[in-house]
Amino acid sequence: MTGAVLDVRIDVKSVREPGSEPRPILHDVCFSAEPGEFLALFGPSGTGKTTTLRIALGLDTDFQGFVRRPDLRVGVVFQEPRLLPWLTVADNLRLVMSDGASVADIVRLLQQVEVPGIEQRRPRELSLGMARRVALARALAVDPQLLVLDEPFASLDPALAARLAGTVSRWARQRGATVLLATHDVDQTLDIAGRVLVLDGRPATLAASFEVPRHSDPGGVAELRALLVERFPFLARADAAN
Amino acid sequence: MEFFGTGRMAAGRQASGHQLARLISLAGFIFLWWAAARLAGTPQLLPAPQVVARFAWGQVLSGAMPLNLGITMLRVAAAFLLSMAIGVVAGYIAGRSPRADAVMDPWLVIALNLPVLVVIILVYIWVGLNELAAVLAVAIAKTPTVMVTLREGARALDPGLDDLAHVFRIGRLKRLRRVVLPQLAPYLAAAARGGLSITWKIVLIVELLGRPNGVGFVLNLFFQDFNVAGILAYGFVFAAVMLLIETVLLQRWERRVNDWRRP
């Protein structure tokens, strides 16, 4: 590993359903992320994006291969918000923050994700979209050096999703944080990512990896978009669904 | 199709209706008891409610009932706390670790199926007719059921929240207090409530078999004297005290820990 924040090599990842042989779902998925890099991971539904993220996070160690990463502060937004229903929003944030965190920090974080003034609410009083934003605030609350996002903007309206994606991108640039984002949304992602990885096939493998042209080169971004959609039609379908 | 909401006011009326039904049912029980006593005709066999109440009051005034009740309650408290402490820790470990569960399960099956009376007699033989044996016997008899309840609770812990705690490196104590215990609270409450209601019944047997004081001991004396009024007086008063503790303390605590579930 040469200064990489994350180095993942999944030779084989299998799942075993009761009463059947292990079935490989991922093979030959290798990638690394440099400090400050914004990596996006595309793939059809059920292809193993979440599993790849779980392996990268060290939550799933039942695979052949390795994950290397230095001792970092990690923030994560899971596919579902995973807020603790018995805690208020503020206490959900405090749970992951250091003891010195102030009310002002919590207020600022909630403003950042566009849900101000809900500190004392319980998760059941929030819509799914609000809960997702609180989960994003919680991930940012630890000032992570590695931020892992599993479809964090799903179920948000497109304009809000785009604003929040912009917020995350700016935040990561300012802090020099590395981001690993699993998503379906090509357009939104090409605006913020530095590199895209595509998982495809059964079992899934890393089918492609592209550098995203600088955003000052809109022609290059459009070309990449066209290329991605042509090679991976599921991206066009997912985009249309969004 | 047409239908109307019942609304909260209707729900409130329903709750007060249930209270009334409860009171009428209780009054019916006392009336039936009184009628049965009249039919029996012999106070030695079945004394009337007022006779039992008078006897109980006499025992209160003499100080015998508060003393024996107090001693029994101390034994209940000691055995309850011991069985909860061991059962909660062992149940949690068994629920979290399949290997630990595999080791503990056969012991648990044996303990659950061993008659309580056998446990009490054996502990008295091995430890002696003393206070430690009394508390130990009750705790041994009760711990397995606490353990089973907590094992279920630990198995039901949300693995998603474990992942969350792992990634965000939430410290052990904070994780236990903020993440694990709130999930276990309904199981702890169920174990505590079930535990208390069984513990005090077992304590009476322990006292009856080998202690020189306490409600169980007094009941044995009344049995030898064929004093049915005494048996009923102590039985009802003790049951009432335990029910009061369960209602006032445990149910309130249970409501508090489950408060976040209410809409």
# chains A, B, ... in the order shown; residues from 1 in each chain; ligands from 1
call {"tool": "closest_atom_pairs", "arguments": {"of": "chain B", "to": "chain A", "cutoff": "7 Å", "atoms": "only C-alpha atoms", "output": "tab-separated table"}}
result
residue	atom	partner	partner_atom	distance
B:Leu161	CA	A:Arg82	CA	6.8
B:Asp163	CA	A:Leu59	CA	6.5
B:Val167	CA	A:Val74	CA	6.6
B:Phe168	CA	A:Val96	CA	6.1
B:Ile170	CA	A:Val96	CA	6.3
B:Trp260	CA	A:Trp86	CA	5.3
call {"tool": "residues_around", "arguments": {"residues": "segment 49-51 of chain A", "least_positions_apart": "5", "cutoff": "8 Å", "atoms": "only C-alpha atoms", "output": "PDB file with C-alpha atoms, in the first residue's frame"}}
result
ATOM      1  CA  LEU A  41     -19.160   2.590  -7.166  1.00  0.00           C
ATOM      2  CA  PHE A  42     -21.848   1.761  -9.725  1.00  0.00           C
ATOM      3  CA  GLY A  43     -23.613  -1.542 -10.226  1.00  0.00           C
ATOM      4  CA  ASP A  60     -17.692  -8.562   6.604  1.00  0.00           C
ATOM      5  CA  ASP A 150     -24.294   3.546   0.579  1.00  0.00           C
ATOM      6  CA  ALA A 182     -22.237   3.450  -3.877  1.00  0.00           C
ATOM      7  CA  LEU A 199     -19.424  -3.711 -10.784  1.00  0.00           C
TER       8      LEU A 199
END
call {"tool": "select_by_dssp", "arguments": {"residues": "segment 59-133 of chain A", "states": "alpha helix (DSSP H)", "output": "list of chain:residue names"}}
result
A:Val89, A:Ala90, A:Asp91, A:Asn92, A:Leu93, A:Arg94, A:Leu95, A:Val96, A:Val103, A:Ala104, A:Asp105, A:Ile106, A:Val107, A:Arg108, A:Leu109, A:Leu110, A:Gln111, A:Gln112, A:Leu128, A:Gly129, A:Met130, A:Ala131, A:Arg132, A:Arg133
call {"tool": "residues_around", "arguments": {"residues": "segment 161-166 of chain A", "least_positions_apart": "4", "cutoff": "10 Å", "atoms": "only C-alpha atoms", "output": "list in words"}}
result
Gln112, Val113, Glu114, Gly129, Arg133, Leu136, Pro152, Phe153, Ala154, Ser155, Leu156, Asp157, Arg170, Trp171, Ala172, Asp187, Gln188, Thr189, Asp191, Ile192 and Ala193 of chain A
